[in-house]
Amino acid sequence: ELKKCHHFLFNLPLDKTSIKADVLVIGLNPGEHSSDWDYDINTPTEETHEFDFHEELGKGRSSIGWSKDCKKYLPDSKIFQSEFFFWSSANTNDEFINRFGYSFKDCPHFDFCKECNLELIRFHKPKLIVATGTSWVDLFSNKYDLRHIKTLKREINKKQGKIICHYEWEDIPFIFTPHWSGARGLNKEVQSEIKDYLSKFT
């Protein structure tokens, strides 16, 4: 079922000259846009340190909105990206189920991805790990055997929501934040607070 994807993502540097990460940013799974299929050479293709289809076939890494978000929240850091699930889909809801035949929470590949990610962490020894998406914090904090430090809540979309879920993995800060897209309702004050909190560790 994984061959139905356009690409997978693992150990992806924002800057190709970087060898080791200061910060590892982990998403739920790679987004996939219809325009990605314009680059359907030898698919599934990849976004990795060895080959990044955006760099090799597209408009470059700097043209990607998510790369800009990473630099906004983590300026002056050597950032590498990974995912809790490496293979792409348009979302983690209906598109995910239609493609793979199971829900995101029931994904049978999380343990495989976990072991790869732990090897990645051991290789890079980053100062900080940031996971974007607080909705799945319970699932992945348990899956990765993380130790809880603190949780901060603020008003998001007129409701109290988690903006920082601070955990540790073997003394490395492992911090969950809301997704960084402005469409998710993060006002400038909340964005600034998240950025300031992350800056303590970089």
# chains A, B, ... in the order shown; residues from 1 in each chain; ligands from 1
$ residues_around --residues "His109 (chain A)" --least-positions-apart "3" --cutoff "8 Å" --atoms "only C-alpha atoms" --output "VMD selection string"
chain A and resid 85 112 to 113
$ select_by_dssp --residues "region 38-185 of chain A" --states "strand (DSSP E or B)" --output "NGL selection string"
:A and (45-48 or 52 or 79-83 or 87 or 89 or 128-132 or 147-156 or 159-169 or 172-177)
$ closest_atom_pairs --of "region 25-144 of chain A" --to "region 172-194 of chain A" --cutoff "10 Å" --atoms "only C-alpha atoms" --output "Markdown table"
| residue | atom | partner | partner_atom | distance |
| --- | --- | --- | --- | --- |
| A:Val25 | CA | A:Ile175 | CA | 9.6 |
| A:Ile26 | CA | A:Phe176 | CA | 9.2 |
| A:Gly27 | CA | A:His179 | CA | 8.6 |
| A:Leu28 | CA | A:His179 | CA | 9.8 |
| A:Gly65 | CA | A:Ser181 | CA | 8.8 |
| A:Trp66 | CA | A:Ser181 | CA | 8.0 |
| A:Asp69 | CA | A:Trp180 | CA | 6.6 |
| A:Cys70 | CA | A:Trp180 | CA | 8.3 |
| A:Lys72 | CA | A:Trp180 | CA | 9.5 |
| A:Tyr73 | CA | A:Ile194 | CA | 7.7 |
| A:Ile121 | CA | A:Ile172 | CA | 9.4 |
| A:Lys125 | CA | A:Ile172 | CA | 8.2 |
| A:Pro126 | CA | A:Ile172 | CA | 7.4 |
| A:Lys127 | CA | A:Ile172 | CA | 6.4 |
| A:Leu128 | CA | A:Pro173 | CA | 5.3 |
| A:Ile129 | CA | A:Phe174 | CA | 4.6 |
| A:Val130 | CA | A:Ile175 | CA | 4.9 |
| A:Ala131 | CA | A:Phe176 | CA | 4.6 |
| A:Thr132 | CA | A:His179 | CA | 4.9 |
| A:Gly133 | CA | A:Pro178 | CA | 4.6 |
| A:Thr134 | CA | A:Pro178 | CA | 5.3 |
| A:Ser135 | CA | A:Pro178 | CA | 8.0 |
| A:Trp136 | CA | A:Phe176 | CA | 9.2 |
| A:Val137 | CA | A:Phe176 | CA | 6.9 |
| A:Phe140 | CA | A:Phe176 | CA | 9.8 |
| A:Ser141 | CA | A:Phe174 | CA | 9.1 |
$ write_last_selection --atoms "N, CA, C and O atoms" --output "compact mmCIF listing (two decimals), in the first residue's frame"
# COMPACT_ATOMS: atom_id res chain seq x y z
N VAL A 25 12.82 18.14 13.43
CA VAL A 25 11.39 18.44 13.39
C VAL A 25 10.66 17.22 12.86
O VAL A 25 10.95 16.74 11.75
N ILE A 26 9.72 16.72 13.64
CA ILE A 26 8.97 15.51 13.27
C ILE A 26 7.50 15.86 13.06
O ILE A 26 6.84 16.37 13.97
N GLY A 27 7.00 15.59 11.87
CA GLY A 27 5.58 15.79 11.58
C GLY A 27 4.82 14.48 11.69
O GLY A 27 5.39 13.42 11.98
N LEU A 28 3.51 14.55 11.44
CA LEU A 28 2.70 13.33 11.48
C LEU A 28 3.03 12.44 10.29
O LEU A 28 3.36 11.28 10.45
N GLY A 65 6.41 25.98 1.70
CA GLY A 65 5.90 26.73 2.84
C GLY A 65 6.33 26.16 4.18
O GLY A 65 6.63 26.90 5.12
N TRP A 66 6.37 24.84 4.28
CA TRP A 66 6.74 24.22 5.54
C TRP A 66 8.19 24.51 5.90
O TRP A 66 8.52 24.72 7.07
N ASP A 69 8.18 27.82 7.47
CA ASP A 69 7.68 27.76 8.84
C ASP A 69 8.77 27.28 9.80
O ASP A 69 8.91 27.81 10.91
N CYS A 70 9.52 26.27 9.39
CA CYS A 70 10.60 25.76 10.23
C CYS A 70 11.61 26.85 10.53
O CYS A 70 12.05 27.01 11.69
N LYS A 72 11.07 30.02 10.46
CA LYS A 72 10.42 31.07 11.26
C LYS A 72 10.48 30.72 12.75
O LYS A 72 10.80 31.59 13.58
N TYR A 73 10.18 29.48 13.09
CA TYR A 73 10.13 29.08 14.50
C TYR A 73 11.50 28.70 15.05
O TYR A 73 11.72 28.73 16.26
N ILE A 121 17.84 9.96 15.76
CA ILE A 121 18.13 10.78 16.93
C ILE A 121 19.51 10.43 17.49
O ILE A 121 20.30 11.32 17.83
N LYS A 125 22.07 13.38 17.55
CA LYS A 125 22.19 13.92 18.91
C LYS A 125 21.77 15.40 18.94
O LYS A 125 22.54 16.29 19.36
N PRO A 126 20.55 15.70 18.52
CA PRO A 126 20.13 17.10 18.43
C PRO A 126 19.95 17.75 19.80
O PRO A 126 19.75 17.06 20.80
N LYS A 127 19.99 19.07 19.80
CA LYS A 127 19.71 19.82 21.02
C LYS A 127 18.22 19.75 21.36
O LYS A 127 17.83 19.89 22.52
N LEU A 128 17.40 19.60 20.32
CA LEU A 128 15.96 19.71 20.48
C LEU A 128 15.26 18.87 19.42
O LEU A 128 15.70 18.83 18.27
N ILE A 129 14.16 18.24 19.83
CA ILE A 129 13.24 17.56 18.91
C ILE A 129 11.89 18.25 19.03
O ILE A 129 11.39 18.44 20.15
N VAL A 130 11.33 18.67 17.90
CA VAL A 130 10.02 19.33 17.90
C VAL A 130 9.06 18.49 17.07
O VAL A 130 9.36 18.16 15.92
N ALA A 131 7.93 18.15 17.67
CA ALA A 131 6.87 17.43 16.96
C ALA A 131 5.69 18.38 16.77
O ALA A 131 5.24 19.00 17.74
N THR A 132 5.22 18.51 15.55
CA THR A 132 4.13 19.45 15.26
C THR A 132 2.81 18.70 15.19
O THR A 132 2.64 17.80 14.38
N GLY A 133 1.90 19.09 16.07
CA GLY A 133 0.59 18.46 16.14
C GLY A 133 0.33 17.93 17.54
O GLY A 133 0.83 16.88 17.90
N THR A 134 -0.44 18.66 18.33
CA THR A 134 -0.71 18.26 19.71
C THR A 134 -1.86 17.25 19.83
O THR A 134 -2.03 16.66 20.88
N SER A 135 -2.63 17.06 18.77
CA SER A 135 -3.77 16.14 18.86
C SER A 135 -3.33 14.70 19.11
O SER A 135 -4.09 13.91 19.67
N TRP A 136 -2.11 14.38 18.70
CA TRP A 136 -1.63 13.00 18.80
C TRP A 136 -0.55 12.84 19.87
O TRP A 136 0.18 11.87 19.87
N VAL A 137 -0.47 13.82 20.79
CA VAL A 137 0.61 13.79 21.77
C VAL A 137 0.55 12.56 22.66
O VAL A 137 1.59 11.97 22.99
N PHE A 140 1.90 9.38 20.64
CA PHE A 140 3.33 9.32 20.32
C PHE A 140 4.23 9.50 21.54
O PHE A 140 5.34 8.96 21.56
N SER A 141 3.76 10.18 22.57
CA SER A 141 4.56 10.23 23.79
C SER A 141 4.64 8.86 24.44
O SER A 141 5.68 8.48 24.99
$ closest_residue --among "A:Glu115, A:Glu32, A:Glu170, A:Asp22" --to "Ser88 (chain A)" --atoms "only C-alpha atoms"
A:Glu32
$ closest_residue --among "A:Asp76, A:His33, A:His166, A:Asn42" --to "Ile64 (chain A)" --atoms "only C-alpha atoms"
A:His33
$ residues_around --residues "region 91-105 of chain A" --least-positions-apart "6" --cutoff "8 Å" --atoms "only C-alpha atoms" --output "MDAnalysis selection string"
chainID A and resid 1:2 4 29 31:32
